[in-house]
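Below: structure.pdb (PDB, C-alpha atoms and all ligand atoms)
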```pdb
ATOM      1  CA  MET A 289       1.390 125.672  12.600
ATOM      2  CA  SER A 290       4.605 126.780  14.186
ATOM      3  CA  TYR A 291       5.653 130.190  15.288
ATOM      4  CA  VAL A 292       8.975 131.528  14.071
ATOM      5  CA  PHE A 293      10.739 134.294  16.004
ATOM      6  CA  ILE A 294      13.375 136.379  14.269
ATOM      7  CA  CYS A 295      15.766 137.458  17.012
ATOM      8  CA  ILE A 296      18.497 139.984  16.315
ATOM      9  CA  ASP A 297      21.230 140.574  18.872
ATOM     10  CA  PHE A 298      21.919 144.263  18.316
ATOM     11  CA  ASP A 299      25.522 144.584  19.368
ATOM     12  CA  ARG A 300      28.968 145.952  18.591
ATOM     13  CA  ASP A 301      30.681 144.183  15.678
ATOM     14  CA  TYR A 302      31.549 140.719  16.988
ATOM     15  CA  ALA A 303      31.839 141.388  20.706
ATOM     16  CA  ILE A 304      34.559 139.337  22.378
ATOM     17  CA  PRO A 305      35.416 139.077  26.081
ATOM     18  CA  MET A 306      38.874 140.262  27.107
ATOM     19  CA  ASP A 307      40.805 139.346  30.229
ATOM     20  CA  LYS A 308      40.369 141.947  33.028
ATOM     21  CA  HIS A 309      37.830 143.959  30.994
ATOM     22  CA  LYS A 310      34.203 144.211  32.186
ATOM     23  CA  HIS A 311      33.069 145.411  28.760
ATOM     24  CA  ALA A 312      33.356 143.481  25.517
ATOM     25  CA  VAL A 313      35.684 144.627  22.751
ATOM     26  CA  SER A 314      34.884 144.467  19.038
ATOM     27  CA  ASN A 315      37.029 141.790  17.413
ATOM     28  CA  ILE A 316      38.479 144.332  14.983
ATOM     29  CA  ILE A 317      39.759 146.447  17.910
ATOM     30  CA  LYS A 318      41.259 143.702  20.091
ATOM     31  CA  ASN A 319      44.859 144.392  19.037
ATOM     32  CA  GLU A 320      44.674 148.155  19.644
ATOM     33  CA  SER A 321      46.553 149.751  22.543
ATOM     34  CA  GLU A 322      45.347 149.259  26.094
ATOM     35  CA  GLU A 323      44.344 152.916  26.180
ATOM     36  CA  ILE A 324      41.696 152.074  23.591
ATOM     37  CA  THR A 325      40.585 148.630  24.771
ATOM     38  CA  LYS A 326      40.239 149.834  28.387
ATOM     39  CA  ASP A 327      37.652 152.397  27.287
ATOM     40  CA  PRO A 328      34.160 150.873  26.892
ATOM     41  CA  GLU A 329      33.161 153.380  24.217
ATOM     42  CA  LEU A 330      36.376 153.193  22.193
ATOM     43  CA  SER A 331      36.062 149.385  22.278
ATOM     44  CA  VAL A 332      32.988 149.569  20.090
ATOM     45  CA  SER A 333      33.021 149.269  16.319
ATOM     46  CA  LEU A 334      29.560 149.748  14.845
ATOM     47  CA  LYS A 335      30.625 149.777  11.195
ATOM     48  CA  GLY A 336      29.103 146.353  10.473
ATOM     49  CA  THR A 337      25.875 147.098  12.336
ATOM     50  CA  ILE A 338      25.548 150.465  10.570
ATOM     51  CA  GLU A 339      26.251 149.055   7.097
ATOM     52  CA  SER A 340      23.840 146.157   7.647
ATOM     53  CA  PHE A 341      21.122 148.364   9.031
ATOM     54  CA  ASN A 342      19.504 149.984   6.009
ATOM     55  CA  PRO A 343      19.064 146.927   3.774
ATOM     56  CA  LEU A 344      17.848 144.894   6.762
ATOM     57  CA  ILE A 345      15.459 147.442   8.250
ATOM     58  CA  THR A 346      14.037 148.289   4.826
ATOM     59  CA  TYR A 347      13.056 144.641   4.364
ATOM     60  CA  LEU A 348      11.651 144.300   7.901
ATOM     61  CA  ASN A 349       9.702 147.567   7.772
ATOM     62  CA  ASP A 350       8.394 147.248   4.222
ATOM     63  CA  ASN A 351       7.057 143.783   5.039
ATOM     64  CA  LYS A 352       6.085 144.595   8.649
ATOM     65  CA  VAL A 353       8.030 141.561   9.849
ATOM     66  CA  PRO A 354       7.605 140.942  13.598
ATOM     67  CA  THR A 355      11.155 140.999  14.941
ATOM     68  CA  THR A 356      12.752 140.837  18.369
ATOM     69  CA  PHE A 357      15.858 142.902  19.036
ATOM     70  CA  TYR A 358      18.083 142.240  22.038
ATOM     71  CA  HIS A 359      20.025 145.469  22.518
ATOM     72  CA  GLU A 360      23.351 146.145  24.042
ATOM     73  CA  ALA A 361      22.700 149.572  25.663
ATOM     74  CA  ARG A 362      26.058 151.146  24.747
ATOM     75  CA  SER A 363      25.751 150.207  21.085
ATOM     76  CA  LEU A 364      22.169 151.423  20.852
ATOM     77  CA  LYS A 365      23.151 154.748  22.431
ATOM     78  CA  LEU A 366      26.060 155.155  20.013
ATOM     79  CA  PHE A 367      23.913 154.099  17.087
ATOM     80  CA  ASN A 368      21.454 156.829  18.014
ATOM     81  CA  LYS A 369      24.283 159.382  18.136
ATOM     82  CA  LEU A 370      25.826 158.344  14.826
ATOM     83  CA  GLN A 371      22.711 157.454  12.831
ATOM     84  CA  GLN A 372      19.963 159.787  13.984
ATOM     85  CA  ASN A 373      17.991 159.482  10.769
ATOM     86  CA  SER A 374      18.011 155.705  10.790
ATOM     87  CA  PHE A 375      17.357 155.325  14.490
ATOM     88  CA  SER A 376      13.648 156.134  14.330
ATOM     89  CA  LYS A 377      13.146 153.183  11.963
ATOM     90  CA  LEU A 378      13.485 150.945  15.026
ATOM     91  CA  ASN A 379      10.251 152.349  16.437
ATOM     92  CA  GLN A 380       7.643 150.026  14.967
ATOM     93  CA  PRO A 381       4.602 148.415  16.579
ATOM     94  CA  PHE A 382       5.645 145.023  15.127
ATOM     95  CA  PHE A 383       9.093 145.140  16.786
ATOM     96  CA  GLU A 384       9.869 143.931  20.269
ATOM     97  CA  HIS A 385      12.874 145.368  22.099
ATOM     98  CA  GLY A 386      14.777 143.414  24.730
ATOM     99  CA  LEU A 387      18.035 143.746  26.623
ATOM    100  CA  HIS A 388      21.460 142.275  25.870
ATOM    101  CA  GLY A 389      23.690 143.884  28.566
ATOM    102  CA  TYR A 390      25.144 147.375  28.793
ATOM    103  CA  ASP A 391      28.564 146.654  27.314
ATOM    104  CA  HIS A 392      28.031 143.011  26.369
ATOM    105  CA  GLU A 393      29.363 141.898  29.748
ATOM    106  CA  ASP A 394      30.302 138.315  30.514
ATOM    107  CA  LEU A 395      27.974 138.079  33.523
ATOM    108  CA  THR A 396      29.660 134.896  34.767
ATOM    109  CA  GLY A 397      33.162 136.417  34.716
ATOM    110  CA  GLU A 398      34.446 133.087  33.370
ATOM    111  CA  GLU A 399      36.053 134.653  30.311
ATOM    112  CA  THR A 400      37.141 138.001  31.749
ATOM    113  CA  GLY A 401      38.184 137.004  35.258
ATOM    114  CA  ILE A 402      35.913 139.751  36.618
ATOM    115  CA  LYS A 403      32.900 138.566  38.605
ATOM    116  CA  PHE A 404      29.923 140.812  39.298
ATOM    117  CA  SER A 405      28.417 140.876  42.784
ATOM    118  CA  GLU A 406      24.639 140.535  42.848
ATOM    119  CA  ASP A 407      24.286 144.284  43.550
ATOM    120  CA  GLU A 408      26.655 145.212  40.738
ATOM    121  CA  GLU A 409      24.810 143.001  38.273
ATOM    122  CA  PHE A 410      21.458 144.415  39.403
ATOM    123  CA  GLU A 411      22.660 147.986  38.886
ATOM    124  CA  LEU A 412      24.204 147.126  35.547
ATOM    125  CA  LEU A 413      21.045 145.520  34.149
ATOM    126  CA  GLN A 414      18.814 148.191  35.666
ATOM    127  CA  SER A 415      20.757 151.034  34.035
ATOM    128  CA  ALA A 416      20.959 149.202  30.705
ATOM    129  CA  LYS A 417      17.208 148.544  30.737
ATOM    130  CA  LYS A 418      16.454 152.196  31.513
ATOM    131  CA  GLU A 419      18.768 153.349  28.741
ATOM    132  CA  ILE A 420      16.994 151.244  26.134
ATOM    133  CA  GLU A 421      13.542 152.202  27.406
ATOM    134  CA  ASN A 422      14.453 155.882  27.182
ATOM    135  CA  LEU A 423      16.112 155.677  23.784
ATOM    136  CA  LEU A 424      13.246 153.772  22.178
ATOM    137  CA  SER A 425      10.376 155.100  24.324
ATOM    138  CA  THR A 426       9.245 151.558  24.948
ATOM    139  CA  GLU A 427       9.028 149.008  27.726
ATOM    140  CA  VAL A 428      11.593 146.232  27.880
ATOM    141  CA  HIS A 429      10.411 142.791  29.037
ATOM    142  CA  GLY A 430      12.806 140.334  27.417
ATOM    143  CA  PHE A 431      16.436 139.502  28.088
ATOM    144  CA  ARG A 432      19.186 137.634  26.295
ATOM    145  CA  ALA A 433      22.488 137.255  28.125
ATOM    146  CA  PRO A 434      25.621 138.328  26.263
ATOM    147  CA  TYR A 435      27.428 135.171  25.036
ATOM    148  CA  MET A 436      24.286 133.268  26.193
ATOM    149  CA  LYS A 437      25.842 133.123  29.676
ATOM    150  CA  LEU A 438      23.641 133.712  32.708
ATOM    151  CA  SER A 439      25.196 134.161  36.125
ATOM    152  CA  SER A 440      23.682 132.353  39.114
ATOM    153  CA  ASN A 441      21.950 135.665  40.031
ATOM    154  CA  THR A 442      20.705 136.819  36.636
ATOM    155  CA  ILE A 443      17.243 135.223  36.644
ATOM    156  CA  ASP A 444      16.431 136.572  40.148
ATOM    157  CA  ILE A 445      17.607 140.008  39.071
ATOM    158  CA  LEU A 446      15.372 139.841  35.991
ATOM    159  CA  SER A 447      12.409 139.153  38.330
ATOM    160  CA  LYS A 448      13.253 142.180  40.458
ATOM    161  CA  LEU A 449      13.527 144.350  37.354
ATOM    162  CA  GLU A 450      10.103 143.181  36.141
ATOM    163  CA  PHE A 451      11.222 141.305  33.067
ATOM    164  CA  THR A 452       8.776 138.642  31.880
ATOM    165  CA  HIS A 453      11.040 136.425  29.779
ATOM    166  CA  ASP A 454      14.561 135.320  29.010
ATOM    167  CA  SER A 455      16.120 133.645  25.976
ATOM    168  CA  SER A 456      19.651 132.628  26.947
ATOM    169  CA  ILE A 457      19.549 128.832  27.168
ATOM    170  CA  TYR A 458      20.070 126.267  24.412
ATOM    171  CA  LYS A 459      17.803 123.281  24.136
ATOM    172  CA  GLN A 460      18.378 120.234  22.000
ATOM    173  CA  SER A 461      15.463 119.559  19.654
ATOM    174  CA  GLU A 462      14.655 118.558  16.074
ATOM    175  CA  ALA A 463      11.274 120.283  16.188
ATOM    176  CA  GLY A 464       9.617 123.447  17.490
ATOM    177  CA  ILE A 465       9.610 123.785  21.282
ATOM    178  CA  PHE A 466       7.629 125.453  24.077
ATOM    179  CA  PRO A 467       8.786 127.996  26.639
ATOM    180  CA  TYR A 468       8.793 127.071  30.330
ATOM    181  CA  LYS A 469       8.785 128.818  33.692
ATOM    182  CA  ILE A 470      12.299 129.199  35.051
ATOM    183  CA  ASN A 471      11.166 130.833  38.316
ATOM    184  CA  ASP A 472       7.906 132.385  39.630
ATOM    185  CA  ASP A 473       8.096 135.347  37.267
ATOM    186  CA  ILE A 474      10.288 134.568  34.284
ATOM    187  CA  ILE A 475       9.442 132.443  31.251
ATOM    188  CA  GLU A 476      12.400 130.916  29.438
ATOM    189  CA  PHE A 477      12.286 130.795  25.622
ATOM    190  CA  PRO A 478      15.171 128.438  24.821
ATOM    191  CA  VAL A 479      17.098 128.570  21.568
ATOM    192  CA  ILE A 480      17.100 125.309  19.610
ATOM    193  CA  LYS A 481      20.231 123.356  18.877
ATOM    194  CA  THR A 482      19.629 120.306  16.704
ATOM    195  CA  PRO A 483      21.240 117.023  17.804
ATOM    196  CA  LYS A 484      24.460 115.921  16.080
ATOM    197  CA  GLU A 485      22.849 112.675  14.967
ATOM    198  CA  SER A 486      19.868 114.419  13.277
ATOM    199  CA  VAL A 487      19.652 115.046   9.512
ATOM    200  CA  MET A 488      20.295 118.739  10.234
ATOM    201  CA  LYS A 489      23.490 117.656  12.053
ATOM    202  CA  GLY A 490      24.417 119.666  15.149
ATOM    203  CA  MET A 491      23.113 123.126  14.244
ATOM    204  CA  TYR A 492      22.577 126.086  16.549
ATOM    205  CA  THR A 493      19.689 128.140  15.277
ATOM    206  CA  TYR A 494      21.993 131.120  14.843
ATOM    207  CA  LEU A 495      22.715 132.128  11.236
ATOM    208  CA  TRP A 496      26.442 132.166  12.044
ATOM    209  CA  PRO A 497      27.420 129.284   9.670
ATOM    210  CA  LEU A 498      25.526 130.929   6.799
ATOM    211  CA  PHE A 499      27.333 134.265   7.135
ATOM    212  CA  GLU A 500      30.676 132.559   7.775
ATOM    213  CA  GLY A 501      30.363 130.377   4.663
ATOM    214  CA  LYS A 502      30.272 127.158   6.725
ATOM    215  CA  ARG A 503      26.872 126.066   5.430
ATOM    216  CA  SER A 504      25.314 126.926   2.080
ATOM    217  CA  GLU A 505      22.136 128.956   1.835
ATOM    218  CA  GLU A 506      20.423 125.897   0.393
ATOM    219  CA  GLU A 507      21.444 123.728   3.355
ATOM    220  CA  VAL A 508      20.364 126.343   5.904
ATOM    221  CA  VAL A 509      16.941 126.734   4.273
ATOM    222  CA  LYS A 510      16.541 122.948   4.060
ATOM    223  CA  ASN A 511      17.386 122.547   7.754
ATOM    224  CA  TYR A 512      14.960 125.182   8.986
ATOM    225  CA  VAL A 513      12.201 123.814   6.766
ATOM    226  CA  GLN A 514      12.960 120.378   8.224
ATOM    227  CA  ILE A 515      12.587 121.653  11.814
ATOM    228  CA  LEU A 516       9.308 123.270  10.769
ATOM    229  CA  LYS A 517       8.062 120.021   9.202
ATOM    230  CA  ASN A 518       9.032 118.108  12.358
ATOM    231  CA  SER A 519       6.971 120.517  14.484
ATOM    232  CA  LYS A 520       3.750 118.588  15.008
ATOM    233  CA  ASP A 521       2.867 120.354  18.267
ATOM    234  CA  LYS A 522       0.499 123.189  17.538
ATOM    235  CA  ASN A 523       1.820 126.576  18.646
ATOM    236  CA  SER A 524       5.378 125.437  19.258
ATOM    237  CA  TYR A 525       8.073 127.891  18.187
ATOM    238  CA  ILE A 526      11.429 128.032  16.464
ATOM    239  CA  SER A 527      13.719 131.036  16.691
ATOM    240  CA  ILE A 528      16.123 132.223  14.031
ATOM    241  CA  ASN A 529      18.923 134.102  15.678
ATOM    242  CA  LEU A 530      21.433 136.489  14.183
ATOM    243  CA  HIS A 531      23.621 139.496  14.909
ATOM    244  CA  SER A 532      23.087 143.047  13.695
ATOM    245  CA  TRP A 533      26.590 143.223  12.182
ATOM    246  CA  HIS A 534      26.904 139.795  10.598
ATOM    247  CA  PHE A 535      25.579 140.824   7.166
ATOM    248  CA  ALA A 536      28.612 143.120   6.859
ATOM    249  CA  TYR A 537      31.474 141.612   8.867
ATOM    250  CA  PHE A 538      33.097 138.256   8.073
ATOM    251  CA  ILE A 539      34.670 137.027  11.315
ATOM    252  CA  SER A 540      36.946 134.278  10.054
ATOM    253  CA  GLN A 541      38.378 136.609   7.385
ATOM    254  CA  ASN A 542      38.391 139.557   9.823
ATOM    255  CA  ARG A 543      37.097 141.920   7.163
ATOM    256  CA  TYR A 544      34.162 144.133   6.361
ATOM    257  CA  LEU A 545      32.184 143.133   3.289
ATOM    258  CA  THR A 546      31.405 145.133   0.171
ATOM    259  CA  LYS A 547      27.955 146.542  -0.484
ATOM    260  CA  THR A 548      27.281 143.764  -2.986
ATOM    261  CA  GLU A 549      28.276 141.075  -0.491
ATOM    262  CA  ILE A 550      26.104 142.660   2.223
ATOM    263  CA  GLN A 551      23.149 142.739  -0.151
ATOM    264  CA  LYS A 552      23.716 139.068  -0.977
ATOM    265  CA  ASN A 553      23.600 138.184   2.733
ATOM    266  CA  VAL A 554      20.404 140.171   3.244
ATOM    267  CA  VAL A 555      18.811 138.387   0.282
ATOM    268  CA  ALA A 556      19.832 134.989   1.715
ATOM    269  CA  PHE A 557      18.142 135.954   4.976
ATOM    270  CA  THR A 558      14.955 137.233   3.323
ATOM    271  CA  ASN A 559      14.761 134.115   1.133
ATOM    272  CA  LEU A 560      14.899 131.991   4.276
ATOM    273  CA  ILE A 561      12.010 133.913   5.846
ATOM    274  CA  ASP A 562       9.989 133.682   2.613
ATOM    275  CA  LYS A 563      10.550 129.926   2.403
ATOM    276  CA  LEU A 564       9.467 129.388   6.015
ATOM    277  CA  GLU A 565       6.325 131.432   5.429
ATOM    278  CA  GLU A 566       5.570 129.340   2.330
ATOM    279  CA  HIS A 567       5.733 126.301   4.625
ATOM    280  CA  GLY A 568       3.183 127.797   6.999
ATOM    281  CA  ALA A 569       5.388 129.505   9.587
ATOM    282  CA  MET A 570       3.804 132.331  11.490
ATOM    283  CA  ILE A 571       6.393 135.019  12.143
ATOM    284  CA  SER A 572       5.951 136.366  15.654
ATOM    285  CA  THR A 573       7.728 137.473  18.844
ATOM    286  CA  PRO A 574       7.939 136.021  22.377
ATOM    287  CA  THR A 575       5.606 138.663  23.843
ATOM    288  CA  ARG A 576       2.996 138.010  21.160
ATOM    289  CA  TRP A 577       3.351 134.281  21.742
ATOM    290  CA  LEU A 578       2.651 134.817  25.453
ATOM    291  CA  GLU A 579      -0.389 136.961  24.634
ATOM    292  CA  GLU A 580      -1.788 134.411  22.203
ATOM    293  CA  ASN A 581      -1.078 131.259  24.219
ATOM    294  CA  ASN A 582      -2.446 131.458  27.715
ATOM    295  CA  LEU A 583      -0.213 128.761  29.161
ATOM    296  CA  PHE A 584       1.187 130.359  32.282
TER     297      PHE A 584
HETATM  298 ZN    ZN B   1      25.801 139.549  21.574
END
```
What does the file become when written as structure tokens?
Ligand SMILES: [Zn+2]
Amino acid sequence: MSYVFICIDFDRDYAIPMDKHKHAVSNIIKNESEEITKDPELSVSLKGTIESFNPLITYLNDNKVPTTFYHEARSLKLFNKLQQNSFSKLNQPFFEHGLHGYDHEDLTGEETGIKFSEDEEFELLQSAKKEIENLLSTEVHGFRAPYMKLSSNTIDILSKLEFTHDSSIYKQSEAGIFPYKINDDIIEFPVIKTPKESVMKGMYTYLWPLFEGKRSEEEVVKNYVQILKNSKDKNSYISINLHSWHFAYFISQNRYLTKTEIQKNVVAFTNLIDKLEEHGAMISTPTRWLEENNLF
């Protein structure tokens, strides 16, 4: 049996790094005036996340699907302001809430040209963690770096802030994998990327190609089922990763989708989960995995 984690990066609609900006800017806003893109709050479009939210959360809550959210603090705060009635639906005992930056920062500064000192990064992640803990009245133990890019200080900072695990590193595999200790305190839960030469071809376990029309639903299901079948090690895990806005925003066409199209994407996602469960997957979260497998 393999564990399957559903991991949702809860962020502004397609966050992109911009030169000389600490915060990310939603793709749809990148050509606006500097007055707008310089402002971290005005740089956020949540339209896709908001329009995806109800069909997605209804499925997750009705079926009590264990799900891990990695939140960008700014977007969660804005979501709470704009969608007060929906917000409480995130408070479920079967959900795990982790951190995904304050403003989807590029912690390495490689893309933005702005590097964070260790103190600045500590303060940034500390305030973002507190924000999420307050908004959701929960404890935050997991981290996923924006753009999957850790700085050379991030893991140490996570230790100091009492995180227990991170999920920001890709690992090549054709089968389920195991987490490992990345320092004395933090367990790394890598995200699988299948090798180019495998039958799945080079596939990141993000649902990006599905929502961007690059791989058919049938192919995506077949590939995940294949990884599951390859997973002979008991208690190994596979994660399925996606973004909160991707049901409703088509990046390569730079457009928001219609209600019917959004529904179709949600159905494709739920069909995938159903199929994996039919093949014996146990849907879970990193924290539950750590509780159930006393490996560290
Ligand atoms: Zn993100």
Evaluate the PyMOL selection byres (((chain A and resi 397) around 12) and not hetatm) and record the selected residues as a PyMOL selection string, following the chain and residue labels used in the document.
chain A and resi 305-312+392-396+398-405+409+434-435+437-440
Let's have the selection written as a compact mmCIF listing (two decimals), in the frame of the given file, with C-alpha atoms.
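result24.txt written:
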```
# COMPACT_ATOMS: atom_id res chain seq x y z
CA PRO A 305 35.42 139.08 26.08
CA MET A 306 38.87 140.26 27.11
CA ASP A 307 40.80 139.35 30.23
CA LYS A 308 40.37 141.95 33.03
CA HIS A 309 37.83 143.96 30.99
CA LYS A 310 34.20 144.21 32.19
CA HIS A 311 33.07 145.41 28.76
CA ALA A 312 33.36 143.48 25.52
CA HIS A 392 28.03 143.01 26.37
CA GLU A 393 29.36 141.90 29.75
CA ASP A 394 30.30 138.32 30.51
CA LEU A 395 27.97 138.08 33.52
CA THR A 396 29.66 134.90 34.77
CA GLU A 398 34.45 133.09 33.37
CA GLU A 399 36.05 134.65 30.31
CA THR A 400 37.14 138.00 31.75
CA GLY A 401 38.18 137.00 35.26
CA ILE A 402 35.91 139.75 36.62
CA LYS A 403 32.90 138.57 38.60
CA PHE A 404 29.92 140.81 39.30
CA SER A 405 28.42 140.88 42.78
CA GLU A 409 24.81 143.00 38.27
CA PRO A 434 25.62 138.33 26.26
CA TYR A 435 27.43 135.17 25.04
CA LYS A 437 25.84 133.12 29.68
CA LEU A 438 23.64 133.71 32.71
CA SER A 439 25.20 134.16 36.12
CA SER A 440 23.68 132.35 39.11
```
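Nearest residue to A:Thr558 among A:Ile443, A:Leu330, A:Lys417, A:Ile528 is A:Ile528, counting all atoms listed in the file.
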At a cut-off of 10 Å and counting only C-alpha atoms and all ligand atoms, what residues surround ligand ZN 1 (chain B)? Please answer as a short mmCIF file (atom, residue, chain, number, x, y, z; two decimals) with C-alpha atoms, keeping the file's coordinate frame.
```cif
data_model
loop_
_atom_site.label_atom_id
_atom_site.label_comp_id
_atom_site.auth_asym_id
_atom_site.auth_seq_id
_atom_site.Cartn_x
_atom_site.Cartn_y
_atom_site.Cartn_z
CA ILE A 296 18.50 139.98 16.32
CA ASP A 297 21.23 140.57 18.87
CA PHE A 298 21.92 144.26 18.32
CA ASP A 299 25.52 144.58 19.37
CA ARG A 300 28.97 145.95 18.59
CA ASP A 301 30.68 144.18 15.68
CA TYR A 302 31.55 140.72 16.99
CA ALA A 303 31.84 141.39 20.71
CA ILE A 304 34.56 139.34 22.38
CA ALA A 312 33.36 143.48 25.52
CA TYR A 358 18.08 142.24 22.04
CA HIS A 359 20.02 145.47 22.52
CA GLU A 360 23.35 146.15 24.04
CA HIS A 388 21.46 142.28 25.87
CA GLY A 389 23.69 143.88 28.57
CA ASP A 391 28.56 146.65 27.31
CA HIS A 392 28.03 143.01 26.37
CA GLU A 393 29.36 141.90 29.75
CA ARG A 432 19.19 137.63 26.30
CA ALA A 433 22.49 137.26 28.12
CA PRO A 434 25.62 138.33 26.26
CA TYR A 435 27.43 135.17 25.04
CA MET A 436 24.29 133.27 26.19
CA LEU A 530 21.43 136.49 14.18
CA HIS A 531 23.62 139.50 14.91
CA SER A 532 23.09 143.05 13.70
#
```
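Closest approach to A:Leu424 from the set A:Tyr525, A:Phe383, A:Tyr537, A:Phe557 is made by A:Phe383, with distances taken over only C-alpha atoms.
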How big is the axis-aligned box around all listed atoms of stretch 414-419 of chain A once 6 Å goes on each side, and where's its centre, in Å to one decimal, as JSON?
```
{"center_x": 18.7, "center_y": 150.8, "center_z": 32.2, "size_x": 16.5, "size_y": 17.2, "size_z": 18.9}
```
Straight-line distance linking atom CA of A:Ser415 with atom CA of A:Tyr390, stated in Å to one decimal:
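Atom CA of A:Tyr390 lies 7.8 Å from atom CA of A:Ser415.
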